[in-house]
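What follows is a set of notes on a single structure, which appears directly below.
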Amino acid sequence: MWEVLDLELIASGLRLSTPLILAALGGLFSERAGVVNIALDGIMIFGAFAGAVVAYETGNPWIGLLAAMLLGGFVAHIHGIASIRYQADQVVSGTAINLLAIGVPAVLANALYNSTTVTPNIQLMLPIIQIPIISDIPILATLLGKYSILVFFAFAMVPLTWFVIFKTSFGLRLRAVGENPEAAETAGINVYLMRYYAVWISGLLAGLGGAFLSIAHGSSYVNNISAGRGFIALAALIFGRYTPRLTLLGCMMFGIADAFQIRIQGVIPIPGQFIQMFPYVLTMVVLAGLIGRAQVPAADGIPYAQAK
Amino acid sequence: MFAVRLKRITKRFAQTLANDAVDINVRRETIHAIIGENGAGKTTIMEILYGFYQADAGEIELFGEKIEITNPQDAIRNGIGMVHQHFMLIPPMTVAENIILGMEPVSRSGVLQLAQAEEKIKKLSDEYGLEIDPQIKVENLSVGIQQRVEILKALYRDAEILILDEPTAVLTPLEVKEFFQILLRLKEQGKTIIIITHKLEEVLEISDDVSVMRNGKLVGELPTSEATANILANMMVGRDVLFELSKTSVTLGKQVLKVEDLCVMVDDKSRLKNISFELKEGEILGIAGVEGNGQTELVEVLTGLRKLDSGTVWYLGEDIANLSARKIREHRIAHIPADRKAHGFLTSYSNAENQILGFHYRPPFCRKNGFLNFANIKENAEKLLSKFDIRPPLPDISTGTLSGGNQQKVIVARELSQQPRLLIIAQPTRGIDIGAIEFIHQQILDLRSEKVAVLLVSAELEEIRSLSDRTLVMFEGEIAGEVNTDTFDMEKVGMMMTGHH
Amino acid sequence: MFMKKYEIFILPVVSVFAAMLVGAVLIFAVGENPLVVYWIFFKNSLFSLNGIGYTLFYATPLIFTGLSVAFGFRCGLFNIGAEGQLYVAAMAVTLSAIWMDGWSAWIVIPVCLTVSVVAGGIWGGIPGLLKARFGGHEVINTIMMNLIAFSLVNYLVVGPFHREGTQILETDFIPVAARIPRVHELIPIIPKTLPLNMGFVVALLACLVTYLILWKTRWGYEIRAVGISNSVSKYAGINVNKNMVMAMFIAGGFAGMVAIPEVMGYRYTFHDSFSAGVGFIGIAVALLGRNHPVGVILAALLFGALIRGSLFLDLNFDNLSKDLVMVLQGVIVLFVASDKLFKKLLSLVRIR
């Protein structure tokens, strides 16, 4: 069993953590602004679907990527309208999105391709980058050699997110809105608008994360393509105390666990289903707070009524 | 010349007329006080000036010019700044971040220029004597210093007119003195200040003019030099206020409560240090002090809501330390909490349901098989609703729809209905109309006559003075001093509240 | 402001209409006529004895999962785990029944009923415990428990307990002693093909029990109190943690009772993925039914009718499948959740 623990495992792990990172960072923006986003999983599904369908129809994965982001943003916007403007319970409206994610892609896939569970394979996936010099150095070749462009993008998003959240005025206002929306409003900030921005960003990123699953890592949309990754991303975010760096750590942890689970199947006598459970159990353990309680933004999850 | 003239401002919220054709005239470079009771409309009219609300009728004039203020940005642009009663600060952010929020200095790409901001803040703080370190997180500041941050927020935006809503509500007497110095300094530098308050003594001490409001109307406006406490109180309430409650003398009974060396630590900080006191039947023991000095923790320990770290609590000869809240109640210790919404009642439960809260699991309200006895519950509710004059006296409407005073009465009715031997009551009259205040005070005195022991925690010194037989003053988790009713001296108590013995 | 009795119905009714409107748009987008589609829906679900029978049949598990989610909500907990809870309970009931082969029905049936509640209860109680002790958010934990449950029962039905000699993913059949009667065995007019069984009666009883517990007993008083405010409940001496765990256990138990109409009354075996989202639809049922047993029954009937009707979509239309129902649910949940929308609608109605 231990032969599985090699550099290839870490490489797979990093690859598999990509959708988690994207979704988790999206969730970070949203939660920091005070909007709980349980719909990350559903948005990933929508993103995966849009990405696969559009990439197939147009033959161009980049347009598929764009479609995934746009649909993700749109779906997130619906969540935003319900929970920001109409003060719906944010967990409930997020769940509604997840329910829609089970139904809408299936209906559309059936209408388009006569199958409720898969879309056709795309011909052209997103490019895989091979950094020239590095692919010749032995260890680094395995670790950094062959990754889809999205992987690099996801990892680059981490410091970028950190910078935006903590070093720009946009980030300052975002955090203010999530901690004390009343105070932010007194300071002249449009709380609703900031929250919409945050929700849109979370939609774009989560949609992107979903697209990774269907046009970079895989080559089509399949039923249950997310396998609960949106929720695992949320767990990673909580583990990471809503900060980009620790969240990255959490995502990598889950990514490697996922890679481990795939590789170990068949190698040891435990049935595949039990190994599959491993990331889920890990999530529950993480949430049981053995890492301590996160500093949740004070107004997270509480609908805010803007004064007239 | 007037800095601000509010002319015939009228504002209606649903059923209530919050402001009824109110005129307020604030002279330039003065400190102008607006006083009134809770619900008089003073905060509302200032929030109209600050742009939070729009008046339904009336005009606003600034320095002789009529202007429209549709939102706080307009107000800020016109040089008006407001410091609210509940600070609008973001605790995990630094002083500088809080001050610049909303008008952050940024580079072309949106990057924060904190150094620039900190420089300006330093300049302002020197100019107005508001010492502060811009890099400290607000959550690590004392309340008095947090207030300075709020003032700096307004000054940073070049405010000429400062509105302060109940600024001394959470300050110790020493902090109040410092605060007054700051106000005078601001006035010297040419600012105009409007204070909303209900504290007569402070109005008389610091303001130049005072406007009195009652029930949404302006009752009168006069220079402070022509005002006295009685005149103002009369205008505020509409009749001569009873400053003294009639207290008969009661012979004390046996010891009911004995606390010895009580210590409580929270997050490595000591919240209660060696608290010791006794309480006898028929005695009202007041606990005075500014909120946040350990009173909450003391009440929580005594009512089973918090575990103590060391010390003993004897109740009628039994050690009740660390008993559950339910067991405490079963020992006939009643608790009327400081925050009624967070502790006292369930907003969507009916009056009848709230009146059995805490006793719902046993006879007469619950049968042995677990089913509730609705006949008894209804009877209990009707009895209490009429005895305590709760309006409307309907058992089946939800308590959340009642006024603050009536909600408090529901809680008082419930706690007293179980014939307690010890009553612990905290901030009983916060946010309540005067009629309910008088009623509740009388209830407390009646209990005293019935030989019940009462522990009264309050931040209102007047309330403590008129009700307690003895008073302990708490400061930073310790008992700073003790006074009897006869030796009750406001100034002495005030000193104890800030740690001077 | 007091709510007049009928006003409670406004939001659910409007939500349903709104959902049907959105559904209509979707139907139109794939090239079909919404009116025809909805007509097919209702013709086959409400306008024939068979139709009504099937509607009740599909509604039965929804009543259980609706109660499950509603009960959780009453304690302030969001139970998304009904799907996993019902699978675990169904497997537990199936295996117990098979194990008790040869025993009398007088023992087997009560034991199976108990197992269904306890198994589901444990599966719900675990996230409840995690929330009470560690503050772990029950939403994510119940979702994780779902995913774990799916893997677990899948393993069992594919592996050790797979019925020999068949490709179908099912366990052995449960003994006759463990089966509960179909309705047509008791009422002759009912068509023999109708799988509606006594589980429906149990469901109605469960509603009654829910009502009694929540509003007539001290335990319900405490559970609802905890759902309204943890802090007030603590002050009142109510043990918040204990109530949370109990509520999740009971909620899990209700979900587990789906095993009764499904396994004991219909399939007589554990069939892989038999549920098709009943646990998730329960969320919509609870919300639409305003977390009240009567509302749950009504909402379950509505969704039962929709599911029944949706089965005819595949037959009659090329471009539609039964997944449309999931879309309708999602929209309903969105609308029902939007508080302020509710108040806006309420004020509109009041003006009239």
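Ordered as shown in the structure tokens, chains take letters A, B, and onward, while each chain numbers its residues from 1 and ligands are numbered from 1 in the order shown.
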* Distance query region 204-218 of chain A at most 8 Å, only C-alpha atoms, self and fewer than 2 positions along chain excluded, as a ChimeraX atom specification -> /A:18-27,40-41,43-52,55,61,64-65,68-73,122,125-127,148,150,200-202,220-221,225-226
Using N, CA and C atoms, can you write the selected residues to a file as a compact mmCIF listing (two decimals), in the first residue's frame?
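Saved result, again.txt, follows:
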```txt
# COMPACT_ATOMS: atom_id res chain seq x y z
N THR A 18 -7.56 21.32 -7.59
CA THR A 18 -7.87 22.52 -8.36
C THR A 18 -9.34 22.94 -8.29
N PRO A 19 -10.28 22.04 -8.59
CA PRO A 19 -11.66 22.49 -8.49
C PRO A 19 -12.03 22.93 -7.08
N LEU A 20 -11.43 22.26 -6.08
CA LEU A 20 -11.71 22.64 -4.70
C LEU A 20 -11.22 24.05 -4.43
N ILE A 21 -10.00 24.34 -4.91
CA ILE A 21 -9.44 25.67 -4.65
C ILE A 21 -10.33 26.74 -5.27
N LEU A 22 -10.71 26.50 -6.52
CA LEU A 22 -11.53 27.52 -7.20
C LEU A 22 -12.84 27.74 -6.46
N ALA A 23 -13.51 26.63 -6.13
CA ALA A 23 -14.80 26.77 -5.43
C ALA A 23 -14.61 27.39 -4.06
N ALA A 24 -13.56 26.96 -3.36
CA ALA A 24 -13.35 27.47 -2.00
C ALA A 24 -13.04 28.96 -2.01
N LEU A 25 -12.22 29.39 -2.95
CA LEU A 25 -11.93 30.82 -3.03
C LEU A 25 -13.19 31.61 -3.37
N GLY A 26 -14.00 31.03 -4.26
CA GLY A 26 -15.27 31.68 -4.54
C GLY A 26 -16.09 31.80 -3.26
N GLY A 27 -16.14 30.71 -2.52
CA GLY A 27 -16.86 30.73 -1.26
C GLY A 27 -16.28 31.75 -0.30
N LEU A 40 -22.32 26.17 -3.70
CA LEU A 40 -21.09 25.99 -4.48
C LEU A 40 -21.13 24.71 -5.30
N ASP A 41 -21.63 23.63 -4.69
CA ASP A 41 -21.68 22.36 -5.40
C ASP A 41 -22.60 22.46 -6.62
N ILE A 43 -23.45 25.11 -8.22
CA ILE A 43 -22.88 26.01 -9.22
C ILE A 43 -21.79 25.28 -10.00
N MET A 44 -21.03 24.44 -9.31
CA MET A 44 -20.01 23.66 -10.00
C MET A 44 -20.66 22.78 -11.06
N ILE A 45 -21.77 22.17 -10.68
CA ILE A 45 -22.47 21.30 -11.63
C ILE A 45 -22.93 22.10 -12.85
N PHE A 46 -23.52 23.25 -12.57
CA PHE A 46 -23.95 24.09 -13.70
C PHE A 46 -22.76 24.47 -14.57
N GLY A 47 -21.65 24.82 -13.91
CA GLY A 47 -20.46 25.21 -14.65
C GLY A 47 -19.94 24.06 -15.49
N ALA A 48 -19.91 22.87 -14.88
CA ALA A 48 -19.42 21.70 -15.62
C ALA A 48 -20.30 21.44 -16.83
N PHE A 49 -21.60 21.56 -16.61
CA PHE A 49 -22.55 21.31 -17.69
C PHE A 49 -22.36 22.32 -18.82
N ALA A 50 -22.38 23.59 -18.46
CA ALA A 50 -22.26 24.63 -19.48
C ALA A 50 -20.94 24.47 -20.22
N GLY A 51 -19.89 24.22 -19.46
CA GLY A 51 -18.57 24.07 -20.09
C GLY A 51 -18.56 22.95 -21.10
N ALA A 52 -19.08 21.79 -20.68
CA ALA A 52 -19.05 20.63 -21.58
C ALA A 52 -19.91 20.85 -22.81
N ALA A 55 -18.45 23.69 -25.05
CA ALA A 55 -17.19 23.27 -25.65
C ALA A 55 -17.44 22.26 -26.76
N PRO A 61 -12.73 24.85 -26.35
CA PRO A 61 -12.84 24.75 -24.89
C PRO A 61 -12.81 26.09 -24.20
N GLY A 64 -16.13 27.38 -23.98
CA GLY A 64 -16.80 26.58 -22.97
C GLY A 64 -16.49 27.10 -21.57
N LEU A 65 -15.23 27.44 -21.37
CA LEU A 65 -14.80 27.97 -20.09
C LEU A 65 -15.58 29.24 -19.77
N ALA A 68 -19.05 28.51 -18.82
CA ALA A 68 -19.14 27.97 -17.46
C ALA A 68 -19.12 29.10 -16.45
N MET A 69 -18.22 30.06 -16.67
CA MET A 69 -18.13 31.16 -15.72
C MET A 69 -19.41 31.98 -15.73
N LEU A 70 -19.92 32.24 -16.94
CA LEU A 70 -21.11 33.07 -17.01
C LEU A 70 -22.32 32.39 -16.38
N LEU A 71 -22.48 31.10 -16.68
CA LEU A 71 -23.61 30.41 -16.08
C LEU A 71 -23.46 30.34 -14.57
N GLY A 72 -22.24 30.08 -14.13
CA GLY A 72 -21.98 30.06 -12.70
C GLY A 72 -22.36 31.38 -12.05
N GLY A 73 -21.93 32.47 -12.69
CA GLY A 73 -22.26 33.78 -12.15
C GLY A 73 -23.75 34.02 -12.14
N ILE A 122 -16.00 15.95 -25.53
CA ILE A 122 -15.51 17.05 -26.34
C ILE A 122 -14.19 16.65 -26.99
N MET A 125 -9.74 19.56 -25.31
CA MET A 125 -9.80 19.98 -23.92
C MET A 125 -8.90 21.19 -23.72
N LEU A 126 -8.91 21.72 -22.54
CA LEU A 126 -8.06 22.86 -22.25
C LEU A 126 -6.60 22.42 -22.31
N PRO A 127 -5.76 23.32 -22.73
CA PRO A 127 -4.36 22.95 -22.94
C PRO A 127 -3.65 22.53 -21.65
N SER A 148 -2.84 21.00 -16.41
CA SER A 148 -3.76 21.81 -17.19
C SER A 148 -3.57 23.26 -16.78
N LEU A 150 -5.61 25.37 -16.08
CA LEU A 150 -6.47 25.79 -14.99
C LEU A 150 -5.81 25.56 -13.63
N TRP A 200 -21.36 37.16 -7.13
CA TRP A 200 -21.01 36.96 -8.54
C TRP A 200 -19.62 36.33 -8.67
N ILE A 201 -18.69 36.86 -7.89
CA ILE A 201 -17.34 36.31 -7.94
C ILE A 201 -17.36 34.84 -7.54
N SER A 202 -18.13 34.53 -6.51
CA SER A 202 -18.17 33.13 -6.08
C SER A 202 -18.76 32.27 -7.19
N SER A 220 -16.26 15.33 -20.52
CA SER A 220 -17.68 15.56 -20.74
C SER A 220 -18.34 15.78 -19.39
N TYR A 221 -19.62 16.11 -19.47
CA TYR A 221 -20.38 16.24 -18.24
C TYR A 221 -21.04 14.91 -17.94
N ILE A 225 -21.22 14.77 -11.38
CA ILE A 225 -19.82 15.04 -11.69
C ILE A 225 -19.12 15.71 -10.51
N SER A 226 -19.86 16.35 -9.66
CA SER A 226 -19.19 17.08 -8.58
C SER A 226 -18.88 16.18 -7.39
```
* Could you give me the residues within region 187-250 of chain B that DSSP places in strand (DSSP E or B), as a VMD selection string? => chain B and resid 192 to 197 209 to 214 217 to 223
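Here the question is which of A:Leu16, A:Val164, A:Ser93, A:Ala236 gets nearest to Met284 (chain A) using only C-alpha atoms, and that residue is A:Ala236.
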Kindly provide the residues of chain A that approach chain B to within 9 Å, each paired with its closest atom pair and their distance in Å to one decimal, based on only C-alpha atoms, listed by chain and increasing number, as CSV.
```
residue,atom,partner,partner_atom,distance
A:Phe163,CA,B:Val111,CA,8.9
A:Val164,CA,B:Val111,CA,8.3
A:Phe166,CA,B:Leu112,CA,8.9
A:Lys167,CA,B:Leu112,CA,5.8
A:Thr168,CA,B:Val111,CA,4.3
A:Ser169,CA,B:Leu112,CA,5.6
A:Phe170,CA,B:Gly110,CA,7.2
A:Leu172,CA,B:Leu101,CA,7.4
A:Arg173,CA,B:Leu101,CA,6.8
A:Ala176,CA,B:Ile90,CA,6.6
A:Glu179,CA,B:Ile90,CA,6.4
A:Asn180,CA,B:Ile90,CA,6.1
A:Glu182,CA,B:Met88,CA,6.9
A:Ala183,CA,B:Met88,CA,4.3
A:Ala184,CA,B:Leu101,CA,7.5
A:Glu185,CA,B:Pro72,CA,8.8
A:Thr186,CA,B:Pro72,CA,6.8
A:Ala187,CA,B:Gly102,CA,5.1
A:Gly188,CA,B:Gly102,CA,5.8
A:Ile189,CA,B:Gly102,CA,6.0
A:Ala307,CA,B:Phe52,CA,7.4
A:Lys308,CA,B:Tyr53,CA,7.2
```
* Please return as a PyMOL selection string: the residues of region 14-252 of chain B that backbone DSSP assigns to helix (DSSP H, G or I). => chain B and resi 42-49+72-77+95-100+114-128+138-140+143-156+173-188+200-206+224-226+229-237
Chain C residues near chain A within 7 Å, closest pair each, using only C-alpha atoms, as CSV:
```
residue,atom,partner,partner_atom,distance
C:Val30,CA,A:Ala111,CA,6.2
C:Leu130,CA,A:Ala288,CA,6.3
C:Phe134,CA,A:Ala288,CA,5.2
C:Gly135,CA,A:Ala288,CA,6.9
C:Gly136,CA,A:Ala288,CA,5.0
C:Ile140,CA,A:Phe231,CA,6.6
C:Asn141,CA,A:Met284,CA,5.9
C:Met144,CA,A:Tyr280,CA,5.4
C:Ile148,CA,A:Met277,CA,5.4
C:Ser151,CA,A:Gln273,CA,5.1
C:Leu152,CA,A:Gln273,CA,6.6
C:Tyr155,CA,A:Gln273,CA,6.0
C:Asn319,CA,A:Ala111,CA,4.6
C:Leu320,CA,A:Val107,CA,6.5
C:Ser321,CA,A:Val107,CA,6.2
C:Asp323,CA,A:Gly103,CA,5.0
C:Leu324,CA,A:Gly103,CA,6.0
C:Met326,CA,A:Gly103,CA,4.7
C:Val327,CA,A:Gly103,CA,4.9
C:Gly330,CA,A:Ala96,CA,4.6
C:Val331,CA,A:Ala96,CA,6.8
C:Val333,CA,A:Ala96,CA,5.4
C:Leu334,CA,A:Ser93,CA,5.4
C:Ala337,CA,A:Ala88,CA,4.9
C:Ser338,CA,A:Ala88,CA,4.0
C:Asp339,CA,A:Ala88,CA,5.3
C:Lys340,CA,A:Tyr86,CA,4.7
C:Leu341,CA,A:Tyr86,CA,5.7
```
File dump, residues just selected, C-alpha atoms, as a short mmCIF file (atom, residue, chain, number, x, y, z; two decimals), in the first residue's frame:
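Result file follows (selection-v1.cif):
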```
data_model
loop_
_atom_site.label_atom_id
_atom_site.label_comp_id
_atom_site.auth_asym_id
_atom_site.auth_seq_id
_atom_site.Cartn_x
_atom_site.Cartn_y
_atom_site.Cartn_z
CA VAL C 30 -37.30 22.44 -25.26
CA LEU C 130 -21.56 16.77 16.20
CA PHE C 134 -18.59 20.59 18.48
CA GLY C 135 -20.73 23.13 16.73
CA GLY C 136 -20.21 21.35 13.42
CA ILE C 140 -22.53 19.94 5.69
CA ASN C 141 -22.43 17.04 8.11
CA MET C 144 -21.51 14.07 4.20
CA ILE C 148 -21.27 8.01 3.19
CA SER C 151 -21.44 4.33 -0.59
CA LEU C 152 -22.24 2.08 2.33
CA TYR C 155 -21.43 -1.76 -1.16
CA ASN C 319 -37.82 16.09 -25.02
CA LEU C 320 -38.96 15.90 -21.44
CA SER C 321 -38.03 13.67 -18.58
CA ASP C 323 -36.22 15.46 -13.86
CA LEU C 324 -38.48 18.38 -14.59
CA MET C 326 -36.67 18.54 -9.53
CA VAL C 327 -36.61 21.85 -11.32
CA GLY C 330 -35.96 24.01 -6.69
CA VAL C 331 -38.01 26.98 -7.78
CA VAL C 333 -37.90 26.26 -2.44
CA LEU C 334 -36.46 29.53 -3.73
CA ALA C 337 -37.56 30.87 1.33
CA SER C 338 -37.79 34.47 0.31
CA ASP C 339 -39.16 36.11 3.40
CA LYS C 340 -39.40 39.62 2.18
CA LEU C 341 -41.19 38.48 -0.93
#
```
* **Residue list for chain C near chain B as a PyMOL selection string, 6 Å, only C-alpha atoms** => chain C and resi 216-218+231-232+235-237
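From CA of Gly42 (chain A) back to CA of Ala286 (chain C), the distance works out to 20.7 Å.
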* Which residues come within 10 Å of Ala154 (chain B), counting only C-alpha atoms, excluding same-chain residues fewer than 3 positions away, as JSON, numbers by chain? -> {"B": [76, 79, 80, 81, 82, 83, 99, 148, 149, 150, 151, 157, 158, 159, 160, 161, 162, 163]}
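Interatomic distance, CA of Leu186 (chain C) against CA of Ala97 (chain C): 23.4 Å.
Atom pair CA of Ser45 (chain C) / CA of Ile260 (chain C) has a distance of 22.9 Å (rounded to one decimal).
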* **Contact residues around Ile302 (chain A) with only C-alpha atoms at 8 Å, ignoring same-chain residues under 2 positions, as a ChimeraX atom specification** => /A:34-35,89-90,299-300,304
Prev. selection, N, CA and C atoms, output as a JSON list (two decimals), in the first residue's frame:
```json
[["chain", "number", "residue", "atom", "x", "y", "z"],
["A", 34, "GLY", "N", -20.46, 38.06, 4.01],
["A", 34, "GLY", "CA", -21.59, 37.76, 4.86],
["A", 34, "GLY", "C", -22.68, 36.93, 4.20],
["A", 35, "VAL", "N", -22.40, 36.39, 3.02],
["A", 35, "VAL", "CA", -23.43, 35.56, 2.38],
["A", 35, "VAL", "C", -22.96, 34.11, 2.37],
["A", 89, "ASP", "N", -33.54, 32.81, 3.84],
["A", 89, "ASP", "CA", -32.52, 32.13, 4.61],
["A", 89, "ASP", "C", -31.48, 31.63, 3.61],
["A", 90, "GLN", "N", -30.21, 32.01, 3.85],
["A", 90, "GLN", "CA", -29.20, 31.75, 2.82],
["A", 90, "GLN", "C", -28.93, 30.27, 2.61],
["A", 299, "ALA", "N", -21.30, 38.86, 10.52],
["A", 299, "ALA", "CA", -22.66, 38.95, 9.99],
["A", 299, "ALA", "C", -22.95, 37.85, 8.98],
["A", 300, "ASP", "N", -22.13, 36.81, 8.95],
["A", 300, "ASP", "CA", -22.29, 35.75, 7.97],
["A", 300, "ASP", "C", -23.61, 35.03, 8.17],
["A", 304, "TYR", "N", -29.60, 40.98, 5.71],
["A", 304, "TYR", "CA", -29.50, 42.36, 6.13],
["A", 304, "TYR", "C", -30.53, 43.20, 5.40]]
```
* To do: Name the residues in contact with Ala21 (chain B) at a cut-off of 12 Å, using only C-alpha atoms, excluding same-chain residues fewer than 6 positions from it; report them as a list in words.
  => Leu6, Lys7, Arg8, Ile9, Thr10, Lys11, Arg12, Gly41, Ile45, Ala55, Asp56, Ala57, Gly58, Glu59, Met213, Asn215, Gly216, Lys217, Leu218 and Val219 of chain B
* **Spatial neighbours of Leu21 (chain C), 12 Å, only C-alpha atoms, chain gap at least 5 places, as a ChimeraX atom specification** => /C:14-16,26-28,34-35,38,327-328,331-332
* To do: Name all residues at most 7 Å from Val210 (chain B) (count only C-alpha atoms; drop same-chain ones fewer than 5 positions away) and give them as JSON, numbers by chain.
  => {"B": [32, 33, 34, 221, 222, 223, 224]}
